[in-house]
Amino acid sequence: ASSILRTQRPSMQVLRHRSALDPADMEQIQIIIDDDKVHPSRKNLYWWHAIFFFSIISLLVCLLQLVLPPPYGLMMTSTEVAAAGVAPGCEDDLERCICPSETICATDKLSIILLALARCSAFFDYPLYMMLFLSKAHNLNNHLRRTLLREWIDFGDMHTVHKIFGIVVGIETMSHSFFHLLRWGLSNEMSLLWQ
């Protein structure tokens with residue numbers, strides 16, 4: 001029955017170009033709406049879900065930065081940490097730790113884990129920060145609505161995108177701050193907040 005309805009019903013463009021809708025047209029529109037409710041074509045997949053793909057890439061870059069040695073990463077040997085003068089070296093019998101500066105110094109296992117959680121939560125947010133600003137760039141959105149991008153991106157949905165990404169960024173910002181504060185508190189370095 002659905003295939004018969006699809007071949008007999010007019011397209012939405014034809015219905016839009018008519019000046020007035022008669023009851024038969026209204027019935028056709030209702031059939032289209034009901035059919036989309038029963039058989040959704042997008043299966044709850046929106047264009048902005050792709051932004052989370054870039055967030056995952058950013059998260060992977062953060063993890064690589066944490067495990068690679070300089071110049072590509074932050075993982076240093078105990079002698080390199082001591083030579084930098086920020087800390088006397090790695091603790092807990094670790095051969096490598098992270099300590100390029102005073103605020104990013106994690107010389108024991110727990111500090112490295114907390115630093116990784118704090119940094120990864122921030123790196124995950126970087127693409128979301130960009131979309132938060134771009135979603136409210138109305139002149140840019142109005143211009144892009146007239147381009148071919150409108151076939152894939154719903155520029156009328158930008159407030160929803162802004163709202164969802166704002167919630168995610170709010171949660172991630174709180175977790176980022178929490179892990180840094182926890183790490184500094186456990187290391188008796190809370191003075192880093194005001195120095």
# chains A, B, ... in the order shown; residues from 1 in each chain; ligands from 1

$ select_by_dssp --residues "stretch 54-98 of chain A" --states "strand (DSSP E or B)" --output "PDB file with N, CA and C atoms, in the first residue's frame"
ATOM      1  N   MET A  75      55.352  13.212  27.227  1.00  0.00           N
ATOM      2  CA  MET A  75      55.944  12.188  28.085  1.00  0.00           C
ATOM      3  C   MET A  75      57.463  12.330  28.104  1.00  0.00           C
ATOM      4  N   MET A  76      58.013  12.556  29.293  1.00  0.00           N
ATOM      5  CA  MET A  76      59.453  12.816  29.450  1.00  0.00           C
ATOM      6  C   MET A  76      60.067  11.752  30.359  1.00  0.00           C
ATOM      7  N   THR A  77      61.347  11.532  30.191  1.00  0.00           N
ATOM      8  CA  THR A  77      62.051  10.628  31.103  1.00  0.00           C
ATOM      9  C   THR A  77      62.288  11.346  32.432  1.00  0.00           C
ATOM     10  N   ARG A  96      58.984   7.237  33.027  1.00  0.00           N
ATOM     11  CA  ARG A  96      58.517   8.404  32.276  1.00  0.00           C
ATOM     12  C   ARG A  96      57.329   9.024  32.988  1.00  0.00           C
ATOM     13  N   CYS A  97      57.232  10.329  32.876  1.00  0.00           N
ATOM     14  CA  CYS A  97      56.090  11.057  33.416  1.00  0.00           C
ATOM     15  C   CYS A  97      55.908  12.346  32.596  1.00  0.00           C
ATOM     16  N   ILE A  98      54.952  13.154  32.991  1.00  0.00           N
ATOM     17  CA  ILE A  98      54.637  14.376  32.247  1.00  0.00           C
ATOM     18  C   ILE A  98      54.920  15.567  33.143  1.00  0.00           C
TER      19      ILE A  98
END

$ closest_atom_pairs --of "stretch 19-115 of chain A" --to "stretch 123-131 of chain A" --cutoff "12 Å" --atoms "only C-alpha atoms" --output "CSV"
residue,atom,partner,partner_atom,distance
A:Trp48,CA,A:Met131,CA,9.1
A:His49,CA,A:Leu128,CA,10.9
A:Ala50,CA,A:Pro127,CA,10.5
A:Ile51,CA,A:Pro127,CA,6.8
A:Phe52,CA,A:Pro127,CA,7.9
A:Phe53,CA,A:Pro127,CA,9.3
A:Phe54,CA,A:Pro127,CA,6.4
A:Ser55,CA,A:Phe124,CA,4.7
A:Ile56,CA,A:Phe124,CA,6.4
A:Ile57,CA,A:Phe124,CA,8.1
A:Ser58,CA,A:Phe123,CA,5.7
A:Leu59,CA,A:Phe124,CA,5.1
A:Leu60,CA,A:Phe124,CA,8.8
A:Val61,CA,A:Phe123,CA,8.1
A:Cys62,CA,A:Phe123,CA,6.4
A:Leu63,CA,A:Phe123,CA,9.5
A:Leu64,CA,A:Phe123,CA,11.7
A:Gln65,CA,A:Phe123,CA,10.9
A:Leu66,CA,A:Phe123,CA,11.8

$ residues_around --residues "A:Phe178" --least-positions-apart "5" --cutoff "9 Å" --atoms "only C-alpha atoms" --output "PyMOL selection string"
chain A and resi 118+173+183
